[in-house]
Each structure stands twice: as C-alpha cells, then as structure tokens.
$ cat target.cif   # mmCIF, C-alpha atoms
data_my_file
#
loop_
_atom_site.label_atom_id
_atom_site.label_comp_id
_atom_site.auth_asym_id
_atom_site.auth_seq_id
_atom_site.Cartn_x
_atom_site.Cartn_y
_atom_site.Cartn_z
CA MET A 1 4.81 73.76 -35.98
CA ALA A 2 7.78 74.77 -33.86
CA LYS A 3 8.23 73.19 -30.48
CA VAL A 4 10.05 74.74 -27.55
CA LEU A 5 11.74 72.02 -25.53
CA VAL A 6 13.44 72.63 -22.18
CA VAL A 7 16.15 70.27 -20.97
CA THR A 8 16.18 70.59 -17.21
CA SER A 9 17.04 68.69 -14.02
CA GLY A 10 17.50 70.84 -10.93
CA LYS A 11 20.75 69.10 -10.05
CA GLY A 12 23.96 70.02 -11.83
CA GLY A 13 26.25 67.61 -13.62
CA VAL A 14 23.59 65.08 -14.60
CA GLY A 15 23.93 65.67 -18.34
CA LYS A 16 21.68 68.57 -19.38
CA THR A 17 24.19 70.14 -21.76
CA THR A 18 25.36 66.77 -23.12
CA SER A 19 21.73 65.80 -23.70
CA SER A 20 20.77 69.17 -25.25
CA ALA A 21 23.63 68.89 -27.73
CA ALA A 22 23.07 65.20 -28.46
CA LEU A 23 19.29 65.49 -28.92
CA GLY A 24 19.68 68.69 -30.96
CA ALA A 25 22.15 67.04 -33.31
CA ALA A 26 20.03 63.87 -33.58
CA LEU A 27 16.91 65.87 -34.47
CA ALA A 28 18.87 67.98 -36.97
CA HIS A 29 20.36 64.82 -38.48
CA GLY A 30 16.82 63.65 -39.18
CA GLY A 31 16.23 66.79 -41.26
CA ASP A 32 14.53 69.11 -38.74
CA LYS A 33 15.70 72.67 -38.29
CA VAL A 34 17.04 72.90 -34.75
CA VAL A 35 18.43 75.65 -32.52
CA VAL A 36 19.91 74.94 -29.12
CA ILE A 37 19.95 77.87 -26.67
CA ASP A 38 22.27 78.07 -23.67
CA PHE A 39 20.40 79.63 -20.72
CA ASP A 40 23.30 79.26 -18.32
CA VAL A 41 24.20 82.95 -18.20
CA GLY A 42 27.61 83.47 -16.63
CA LEU A 43 28.63 79.82 -16.93
CA ARG A 44 28.08 78.99 -20.57
CA ASN A 45 29.30 75.61 -21.79
CA LEU A 46 27.09 74.50 -24.62
CA ASP A 47 29.37 76.33 -27.09
CA LEU A 48 32.31 74.29 -25.81
CA VAL A 49 30.48 70.95 -25.88
CA MET A 50 29.37 71.68 -29.45
CA GLY A 51 32.80 72.85 -30.56
CA ALA A 52 31.82 76.44 -31.36
CA GLU A 53 33.62 78.26 -28.53
CA ARG A 54 35.84 80.24 -30.87
CA ARG A 55 32.97 81.42 -33.02
CA VAL A 56 30.96 83.22 -30.34
CA VAL A 57 30.58 86.93 -31.11
CA PHE A 58 27.14 87.90 -29.79
CA ASP A 59 24.98 86.04 -27.28
CA LEU A 60 21.44 85.63 -25.94
CA ILE A 61 21.71 88.69 -23.67
CA ASN A 62 22.86 90.90 -26.56
CA VAL A 63 19.79 89.82 -28.51
CA VAL A 64 17.40 90.18 -25.55
CA GLN A 65 18.68 93.70 -24.93
CA GLY A 66 18.59 94.66 -28.60
CA ASP A 67 22.36 95.09 -28.98
CA ALA A 68 22.55 92.47 -31.71
CA LYS A 69 20.20 90.91 -34.20
CA LEU A 70 19.23 87.29 -33.78
CA SER A 71 20.89 86.41 -37.10
CA GLN A 72 24.18 87.88 -35.81
CA ALA A 73 24.14 85.80 -32.64
CA LEU A 74 23.11 82.45 -34.10
CA ILE A 75 26.05 80.15 -34.83
CA ARG A 76 25.47 77.57 -37.53
CA ASP A 77 26.98 74.16 -36.85
CA LYS A 78 29.85 73.23 -39.18
CA ARG A 79 28.76 69.60 -39.48
CA LEU A 80 24.99 70.00 -39.83
CA GLU A 81 23.71 73.06 -41.65
CA ASN A 82 20.23 72.86 -40.07
CA LEU A 83 21.64 72.91 -36.52
CA SER A 84 22.30 76.26 -34.83
CA LEU A 85 23.47 77.42 -31.43
CA LEU A 86 22.53 80.54 -29.49
CA PRO A 87 25.20 80.95 -26.79
CA ALA A 88 24.77 82.43 -23.33
CA SER A 89 26.72 85.42 -22.14
CA GLN A 90 29.82 84.65 -20.15
CA THR A 91 30.21 88.06 -18.55
CA ARG A 92 26.71 89.25 -17.71
CA ASP A 93 24.55 87.95 -14.90
CA LYS A 94 21.28 86.12 -15.14
CA ASP A 95 19.20 89.16 -14.13
CA ALA A 96 19.81 90.53 -17.62
CA LEU A 97 17.30 87.95 -18.87
CA THR A 98 13.85 89.51 -18.87
CA GLU A 99 10.72 87.50 -19.41
CA GLU A 100 9.49 89.72 -22.25
CA GLY A 101 12.92 89.70 -23.90
CA VAL A 102 13.13 85.91 -23.82
CA ALA A 103 9.55 85.58 -25.10
CA LYS A 104 10.37 87.87 -28.02
CA VAL A 105 13.51 85.90 -28.97
CA LEU A 106 11.61 82.60 -28.76
CA SER A 107 8.74 83.80 -30.93
CA GLU A 108 11.24 84.98 -33.54
CA LEU A 109 12.96 81.58 -33.41
CA ARG A 110 9.62 79.79 -33.77
CA GLU A 111 9.37 81.29 -37.26
CA LYS A 112 12.68 79.81 -38.36
CA PHE A 113 13.06 76.45 -36.60
CA ASP A 114 11.20 73.21 -35.93
CA TRP A 115 12.81 72.65 -32.53
CA ILE A 116 14.01 75.23 -30.03
CA ILE A 117 15.95 73.41 -27.34
CA CYS A 118 16.53 75.39 -24.15
CA ASP A 119 19.49 74.08 -22.16
CA SER A 120 18.62 75.03 -18.58
CA PRO A 121 21.17 75.92 -15.91
CA ALA A 122 21.18 73.87 -12.70
CA GLY A 123 19.18 75.11 -9.74
CA ILE A 124 15.67 76.48 -9.47
CA GLU A 125 16.43 80.18 -9.76
CA ARG A 126 15.93 82.76 -12.47
CA GLY A 127 17.97 81.11 -15.23
CA ALA A 128 16.20 77.79 -14.77
CA THR A 129 12.72 79.30 -14.54
CA MET A 130 13.42 81.44 -17.64
CA ALA A 131 14.52 78.36 -19.59
CA MET A 132 11.30 76.47 -18.76
CA ARG A 133 8.92 79.44 -18.81
CA HIS A 134 7.74 79.23 -22.44
CA ALA A 135 8.31 75.52 -23.06
CA ASP A 136 5.83 73.20 -24.77
CA VAL A 137 7.77 70.07 -23.85
CA ALA A 138 10.20 69.28 -21.02
CA VAL A 139 12.90 66.65 -20.85
CA VAL A 140 13.84 66.02 -17.23
CA VAL A 141 17.37 64.61 -17.09
CA THR A 142 17.86 62.32 -14.11
CA ASN A 143 20.66 60.08 -12.85
CA PRO A 144 19.68 56.92 -10.95
CA GLU A 145 20.89 58.47 -7.71
CA VAL A 146 18.97 59.88 -4.70
CA SER A 147 19.89 63.57 -4.94
CA SER A 148 19.19 63.72 -8.66
CA VAL A 149 15.80 62.02 -8.28
CA ARG A 150 14.84 64.37 -5.47
CA ASP A 151 15.78 67.45 -7.49
CA SER A 152 13.93 66.12 -10.54
CA ASP A 153 10.82 65.76 -8.42
CA ARG A 154 11.15 69.38 -7.41
CA ILE A 155 11.63 70.49 -11.02
CA ILE A 156 8.54 68.52 -12.10
CA GLY A 157 6.60 70.49 -9.48
CA LEU A 158 7.90 73.76 -10.97
CA LEU A 159 7.05 72.65 -14.52
CA ASP A 160 3.49 72.04 -13.34
CA SER A 161 3.16 75.42 -11.64
CA LYS A 162 5.57 78.04 -12.96
CA THR A 163 5.44 77.59 -16.73
CA GLU A 164 3.27 79.67 -19.02
CA LYS A 165 1.36 76.54 -20.05
CA ALA A 166 0.68 75.52 -16.46
CA GLU A 167 -0.53 79.00 -15.56
CA LYS A 168 -3.00 78.88 -18.44
CA GLY A 169 -4.31 75.61 -17.07
CA ASP A 170 -2.69 73.45 -19.77
CA ARG A 171 -0.44 70.55 -18.95
CA ILE A 172 3.13 70.75 -20.09
CA GLU A 173 4.34 67.55 -21.76
CA LYS A 174 7.05 66.04 -19.53
CA HIS A 175 9.50 63.24 -20.28
CA LEU A 176 12.11 61.50 -18.20
CA LEU A 177 15.57 60.97 -19.67
CA LEU A 178 17.52 58.62 -17.44
CA THR A 179 21.25 59.17 -17.96
CA ARG A 180 24.44 57.47 -16.72
CA TYR A 181 22.51 54.25 -16.22
CA ASP A 182 24.43 51.06 -15.56
CA PRO A 183 22.15 48.03 -16.06
CA ASN A 184 24.66 45.67 -14.42
CA ARG A 185 24.86 47.69 -11.22
CA ALA A 186 21.07 48.08 -11.18
CA GLU A 187 20.75 44.29 -11.54
CA ARG A 188 23.09 43.78 -8.58
CA GLY A 189 20.96 46.09 -6.44
CA GLU A 190 23.62 48.79 -6.30
CA MET A 191 21.74 51.35 -8.36
CA LEU A 192 18.10 52.44 -8.60
CA LYS A 193 16.42 50.60 -11.44
CA VAL A 194 14.59 52.24 -14.32
CA GLU A 195 11.27 51.08 -12.80
CA ASP A 196 12.18 52.54 -9.40
CA VAL A 197 12.84 55.99 -10.83
CA LEU A 198 9.73 55.82 -13.01
CA GLU A 199 7.56 54.80 -10.09
CA ILE A 200 8.87 57.60 -7.90
CA LEU A 201 8.69 60.40 -10.47
CA SER A 202 5.68 59.05 -12.44
CA ILE A 203 6.36 60.78 -15.74
CA PRO A 204 6.80 58.87 -19.03
CA LEU A 205 10.23 57.69 -20.09
CA ILE A 206 11.78 59.12 -23.28
CA GLY A 207 15.08 57.26 -23.15
CA ILE A 208 17.77 55.49 -21.14
CA ILE A 209 21.32 56.63 -21.78
CA PRO A 210 23.85 54.09 -20.55
CA GLU A 211 26.94 55.23 -18.64
CA SER A 212 29.70 55.37 -21.25
CA GLU A 213 33.19 56.64 -21.92
CA GLU A 214 31.95 57.91 -25.27
CA VAL A 215 30.24 60.89 -23.65
CA LEU A 216 33.52 62.30 -22.31
CA LYS A 217 35.31 61.51 -25.55
CA ALA A 218 32.68 63.47 -27.48
CA SER A 219 32.90 66.52 -25.21
CA ASN A 220 36.71 66.38 -25.43
CA MET A 221 36.29 66.66 -29.19
CA GLY A 222 33.66 69.40 -29.04
CA SER A 223 31.11 67.28 -30.81
CA PRO A 224 27.68 66.01 -29.68
CA VAL A 225 27.94 62.27 -28.96
CA THR A 226 25.31 61.61 -31.64
CA LEU A 227 27.70 63.08 -34.23
CA ASN A 228 31.03 62.06 -32.75
CA ASN A 229 30.08 58.40 -32.54
CA PRO A 230 26.52 57.74 -33.68
CA ALA A 231 26.99 53.97 -33.44
CA SER A 232 28.11 54.09 -29.79
CA ALA A 233 25.68 53.00 -27.06
CA PRO A 234 24.85 56.56 -25.88
CA GLY A 235 24.74 57.74 -29.50
CA ARG A 236 22.09 55.16 -30.39
CA ALA A 237 20.19 55.81 -27.16
CA TYR A 238 19.98 59.54 -27.95
CA PHE A 239 18.88 58.85 -31.54
CA ASP A 240 16.08 56.63 -30.20
CA ALA A 241 15.04 59.31 -27.69
CA ALA A 242 14.97 61.92 -30.48
CA ARG A 243 12.68 59.70 -32.56
CA ARG A 244 10.35 59.25 -29.58
CA LEU A 245 10.28 63.05 -29.15
CA LYS A 246 9.02 63.25 -32.72
CA GLY A 247 6.20 60.92 -31.78
CA GLU A 248 7.56 57.72 -33.29
CA SER A 249 7.12 54.59 -31.24
CA VAL A 250 10.51 53.03 -30.70
CA GLU A 251 10.97 50.02 -28.47
CA MET A 252 12.66 50.97 -25.19
CA THR A 253 16.04 49.31 -24.93
CA ILE A 254 19.30 50.06 -23.18
CA PRO A 255 21.89 50.00 -25.95
CA SER A 256 25.24 48.44 -25.09
CA GLU A 257 28.60 48.80 -26.80
CA ARG A 258 29.12 46.42 -29.67
CA LYS A 259 32.17 44.37 -28.86
CA GLY A 260 34.54 42.53 -31.13
CA LEU A 261 35.71 39.01 -30.35
CA LEU A 262 38.48 40.26 -28.07
CA GLY A 263 36.06 42.60 -26.33
CA LYS A 264 33.73 39.68 -25.68
CA LEU A 265 36.52 37.50 -24.34
CA PHE A 266 37.67 40.23 -21.98
CA GLY A 267 34.19 41.65 -21.57
CA ARG A 268 34.40 42.56 -17.93
CA ARG A 269 37.60 44.49 -18.31
CA ALA A 270 36.54 46.26 -21.47
CA ALA A 271 33.21 47.34 -20.03
CA MET B 1 34.07 39.55 10.04
CA SER B 2 34.59 40.61 6.47
CA LEU B 3 33.21 37.26 5.32
CA MET B 4 30.14 37.78 7.51
CA SER B 5 29.56 41.26 6.15
CA PHE B 6 29.93 39.87 2.65
CA PHE B 7 27.07 37.47 3.20
CA ASN B 8 24.97 39.94 5.16
CA ARG B 9 25.42 42.63 2.57
CA ARG B 10 22.09 44.22 1.80
CA SER B 11 21.53 45.82 -1.57
CA SER B 12 21.68 49.58 -1.33
CA ALA B 13 19.25 50.40 -4.15
CA PRO B 14 16.09 49.32 -2.24
CA VAL B 15 17.24 51.52 0.66
CA ALA B 16 17.60 54.47 -1.72
CA ARG B 17 14.18 53.79 -3.17
CA GLU B 18 12.46 53.69 0.20
CA ARG B 19 14.23 56.78 1.53
CA LEU B 20 13.21 58.70 -1.56
CA GLN B 21 9.59 57.60 -1.35
CA ILE B 22 9.28 58.75 2.24
CA LEU B 23 11.14 62.01 1.68
CA LEU B 24 9.29 62.97 -1.49
CA ALA B 25 5.87 62.19 -0.02
CA HIS B 26 6.75 64.73 2.65
CA GLU B 27 8.30 67.34 0.35
CA ARG B 28 5.49 67.21 -2.18
CA GLY B 29 3.14 68.10 0.65
CA VAL B 30 5.26 70.95 1.97
CA LEU B 31 6.30 72.44 -1.36
CA GLY B 32 3.29 71.61 -3.48
CA GLY B 33 -0.15 73.07 -3.10
CA GLN B 34 -1.32 70.29 -0.78
CA SER B 35 -0.22 72.17 2.34
CA ASP B 36 1.51 69.22 3.89
CA LEU B 37 -1.25 66.66 3.61
CA VAL B 38 0.83 63.74 4.86
CA ALA B 39 2.08 65.59 7.93
CA LYS B 40 -1.46 66.76 8.79
CA LEU B 41 -2.86 63.26 8.40
CA ARG B 42 -0.11 61.96 10.61
CA GLU B 43 -0.90 64.45 13.38
CA GLU B 44 -4.63 63.83 13.24
CA ILE B 45 -4.31 60.06 13.14
CA LEU B 46 -1.94 60.26 16.09
CA ALA B 47 -4.45 62.38 18.02
CA VAL B 48 -7.31 59.92 17.36
CA VAL B 49 -5.24 56.89 18.33
CA ARG B 50 -4.00 58.67 21.48
CA ARG B 51 -7.56 59.09 22.74
CA HIS B 52 -7.57 55.33 23.29
CA VAL B 53 -3.99 54.13 23.33
CA MET B 54 -0.83 55.96 24.25
CA VAL B 55 1.52 55.79 21.28
CA GLU B 56 4.75 57.59 20.65
CA HIS B 57 5.02 60.16 17.92
CA ASP B 58 7.52 58.03 16.02
CA ASN B 59 5.23 54.99 16.03
CA VAL B 60 2.85 56.41 13.47
CA GLN B 61 4.06 56.14 9.88
CA VAL B 62 2.08 57.66 7.05
CA LYS B 63 3.22 57.01 3.50
CA MET B 64 1.72 58.37 0.32
CA ASN B 65 2.58 56.75 -2.99
CA ARG B 66 1.76 58.75 -6.10
CA ASP B 67 1.22 56.89 -9.32
CA ALA B 68 -0.15 57.70 -12.74
CA ASP B 69 -3.36 55.67 -12.26
CA ILE B 70 -3.72 55.23 -8.54
CA SER B 71 -2.31 56.75 -5.38
CA THR B 72 -2.20 54.86 -2.12
CA LEU B 73 -2.07 55.97 1.47
CA GLU B 74 -0.32 53.59 3.82
CA ILE B 75 -0.80 54.05 7.56
CA GLU B 76 1.13 52.04 10.06
CA VAL B 77 0.55 52.47 13.79
CA GLU B 78 2.79 50.57 16.12
CA ILE B 79 1.08 49.94 19.47
CA PRO B 80 3.21 48.93 22.45
CA ALA B 81 2.14 45.41 23.55
CA PRO B 82 1.25 45.88 27.27
CA VAL B 83 -0.80 49.00 26.64
CA ALA B 84 -2.66 47.34 23.79
CA VAL B 85 -3.74 44.49 26.07
CA GLY B 86 -4.75 46.87 28.87
CA ALA B 87 -6.79 49.05 26.56
CA ARG B 88 -9.57 46.54 26.23
#
$ encode --input "target.cif" --output "structure tokens"
Amino acid sequence: MAKVLVVTSGKGGVGKTTSSAALGAALAHGGDKVVVIDFDVGLRNLDLVMGAERRVVFDLINVVQGDAKLSQALIRDKRLENLSLLPASQTRDKDALTEEGVAKVLSELREKFDWIICDSPAGIERGATMAMRHADVAVVVTNPEVSSVRDSDRIIGLLDSKTEKAEKGDRIEKHLLLTRYDPNRAERGEMLKVEDVLEILSIPLIGIIPESEEVLKASNMGSPVTLNNPASAPGRAYFDAARRLKGESVEMTIPSERKGLLGKLFGRRAA
Amino acid sequence: MSLMSFFNRRSSAPVARERLQILLAHERGVLGGQSDLVAKLREEILAVVRRHVMVEHDNVQVKMNRDADISTLEIEVEIPAPVAVGAR
C-alpha cells in the first residue's frame, strides 16, 4: 500500500531537500517505486539536487490545474528507473496549489508508487501545510541547534492538528531525522546531544546524519548522496533511515567516514 | 584573563537545552490547545503564595517537561529570607 511521506522542518536550510532526495533514492534502490514531489512553489530546488533541472517541462501546478497530465510532468531518474520526480513551478505562486487539486494528484500517484515523498518548503504557510496535509508519515528534519529545534516543535504541533489524519482523530506517524550532527562537538558540550533533542521533542528517532562534506559534493554533482557516494557516512546513515522507514529494525549508530592509514594518522585534520 | 576564561568555560549545549525547555513549555501552552497552562499556573501559584508571603513575580518559576511516558511539573518559589522568617 502506498505511503505518503512528508519531509518537513519549519526552519529552512536544515536539509529537507537533501533528505528527500537521499531517502527517495535509498528507498528506490531497495526496489520500491518512489516519487519525490517538490512543494516549494516559486523556489524549486529538488530538480537541481537530483540533477534533473534541464529535463523539467511541466510541473505540479500544471498538473493540479489540469494543463498537463501527470505522466507528462513526472521525470524519471536516469540512474534508478523506479525513482521519479515531480517538480514545483518556478514561476507561479503557492496560492495556485489547491487542496482538492493536490489531493487528486496524490490519489493518482498512490496507484502507481509505493512511496510518495513530499518535500516541504520552509515556514508554516500554505506550501508547508499543503505538503503535510495528506501525509501518512512525517519525517521532521532537525539540526542540533536551538532555532531548528524550536521550529521542529512548532511543526510537530501542526502535524498533530492540521493534517487530514489528525482532523479525523488519527495520529500521524512522526519521526525525527537529526541532520548535521557532530558527535565530537556534542561530546565536548558544544552541541545539543541526540538525547537532548529527543527529550525535548519526544518523537521517535529515524536516523542520525553526521555533518559531512559528502552532502555538498553530492548536490554539486546533482545526485542524491545515497547514489553519489553510498559508502560515505551520510550515505550509510540515510540507507539505515530508509530501512527503518520500511519497518526494519536497524541498530541506531552514527556512521563515520572510513579512513585509510594516512587518514587515521592525520585524523583530526582529515575530519 | 584568557587562561581564567579557559578554565571557567562552561559548556554551551546544556544552556541551549535549558533555554529550549523553558521556551517550548511556554510556547506549547500559547500555541497549542492548552491555552497557556504554564502561564496560568504561574499566575495562580503566585497569587496563593502572595496571600501569605510577598514574592516578586520573577521569583516563581514553573517548568513543564513533556515526555513520552510521563510529564512533570516543576515549581520553584524563591522566598526572600527576612520575609520568610517574619511570616511565621
């Protein structure tokens, strides 16, 4: 049965798009049929992060308004045939998204895919509420930093009140994805620890993505980090998170970069 | 001086954690459906204590910690020493 998953955070720049692309690719790599939808109307970026920016012809708004068919707007990934992207419009504004229109697109996608990943825009306005509205599962992306934790708390409140599930009296499944985590700084007392964030937000943890240069390298290349360098620390962390999303129990670890002998000798500098 | 500050350096993460806990307890009340439970409790506790002892507004701290299994309410009332002795 298809699952609609929203990747959200409130705060911008914490890694929603990176995580949407990486989790989407990891799930697709495991054989599931996955579509990732960009809900950031006016400021689309998922196409760029996934390396499909030159293949965009139609977008979500065109489909919602009936100007294009879903099959015309979906872009199939060149690396994984069971991974698709539905881009946002770059020229229209977010008011063009209607609740009924989005619901119709999602129900059509539910027929074709196992996972429908909605990459939410930052903020708590229309684009963000539209992205979470019909979700079955939410991944709340949080950095171990005060403003991000505060905004995540706010978003959790919205997930519990403004989603279709919540309004029907059901509970929406919520997971915390802690990104840009630096275990060394946390150990030195310079960064909130995993336990601190978990205690404050009190939702279950789906993964810890360590701070890594690999994330920028992957977006430079237009490739999800799970495809660009699956063996890297963030790559492995996202693969683990994807398996947990599928219900597998995977021990919670914070992957670190595998270093060669030289890397170990000059560990501090290489880190 | 810089050597002193090096040794006196307090970790910043516990500060962040505490600030967040206080702030979010407040915001959850205001923004959630609880209609500002913590702030109301604070006002009412202050009123009760003031019937007997004069305390400043800032000397009553109410903290709510939400957890999956159990939530706790922490109330701290700071009573000025001379008044406390005179009260009884």
$ closest_residue --input "target.cif" --among "A:Lys246, A:Lys193, A:Arg55, A:Arg258" --to "chain B" --atoms "all atoms listed in the file"
A:Lys193
$ atom_distance --input "target.cif" --atom1 "CA of Asn45 (chain A)" --atom2 "CA of Gln90 (chain A)"
9.2 Å
$ resolve_selection --input "target.cif" --expression "the PyMOL selection byres ((chain A) within 10 of (chain B))" --output "PyMOL selection string"
chain A and resi 144-147+149-151+153-154+157-158+160-161+185-193+196-204
$ atom_distance --input "target.cif" --atom1 "CA of Ala138 (chain A)" --atom2 "CA of Glu125 (chain A)"
16.9 Å
$ residues_around --input "target.cif" --residues "Leu46 (chain B)" --least-positions-apart "4" --cutoff "9 Å" --atoms "only C-alpha atoms" --output "PyMOL selection string"
chain B and resi 41-42+50-51+55-57+59-60+77
$ residues_around --input "target.cif" --residues "Ala237 (chain A)" --least-positions-apart "2" --cutoff "12 Å" --atoms "all atoms listed in the file" --output "MDAnalysis selection string"
chainID A and resid 19 22:23 26 177:181 206:212 215 225:226 229:235 239:244 250:257
$ residues_around --input "target.cif" --residues "Met64 (chain B)" --least-positions-apart "3" --cutoff "8 Å" --atoms "all atoms listed in the file" --output "list of chain:residue names"
B:Ile22, B:Ala25, B:Val38, B:Ser71, B:Thr72, B:Leu73, B:Glu74
$ write_last_selection --input "target.cif" --atoms "C-alpha atoms" --output "JSON list (two decimals), in the frame of the given file"
[["chain", "number", "residue", "atom", "x", "y", "z"],
["B", 22, "ILE", "CA", 9.28, 58.75, 2.24],
["B", 25, "ALA", "CA", 5.87, 62.19, -0.02],
["B", 38, "VAL", "CA", 0.83, 63.74, 4.86],
["B", 71, "SER", "CA", -2.31, 56.75, -5.38],
["B", 72, "THR", "CA", -2.20, 54.86, -2.12],
["B", 73, "LEU", "CA", -2.07, 55.97, 1.47],
["B", 74, "GLU", "CA", -0.32, 53.59, 3.82]]
$ residues_around --input "target.cif" --residues "Asp59 (chain A)" --least-positions-apart "4" --cutoff "8 Å" --atoms "only C-alpha atoms" --output "JSON, numbers by chain"
{"A": [63, 73, 74, 86, 87, 88, 89]}
$ write_last_selection --input "target.cif" --atoms "C-alpha atoms" --output "compact mmCIF listing (two decimals), in the coordinates of the input"
# COMPACT_ATOMS: atom_id res chain seq x y z
CA VAL A 63 19.79 89.82 -28.51
CA ALA A 73 24.14 85.80 -32.64
CA LEU A 74 23.11 82.45 -34.10
CA LEU A 86 22.53 80.54 -29.49
CA PRO A 87 25.20 80.95 -26.79
CA ALA A 88 24.77 82.43 -23.33
CA SER A 89 26.72 85.42 -22.14
$ atom_distance --input "target.cif" --atom1 "CA of Gly101 (chain A)" --atom2 "CA of Gly169 (chain A)"
23.3 Å
$ axis_aligned_box --input "target.cif" --around "region 34-43 of chain A" --padding-each-side "3 Å" --output "AutoDock Vina command-line options"
--center_x 22.8 --center_y 78.2 --center_z -25.7 --size_x 17.6 --size_y 16.6 --size_z 24.1
$ closest_residue --input "target.cif" --among "A:Ile172, A:Ala25, A:Leu83, A:Leu46" --to "Lys112 (chain A)" --atoms "all atoms listed in the file"
A:Leu83
$ closest_residue --input "target.cif" --among "A:Ala131, A:Ala103, A:Leu80, A:Val14" --to "Asp38 (chain A)" --atoms "all atoms listed in the file"
A:Ala131
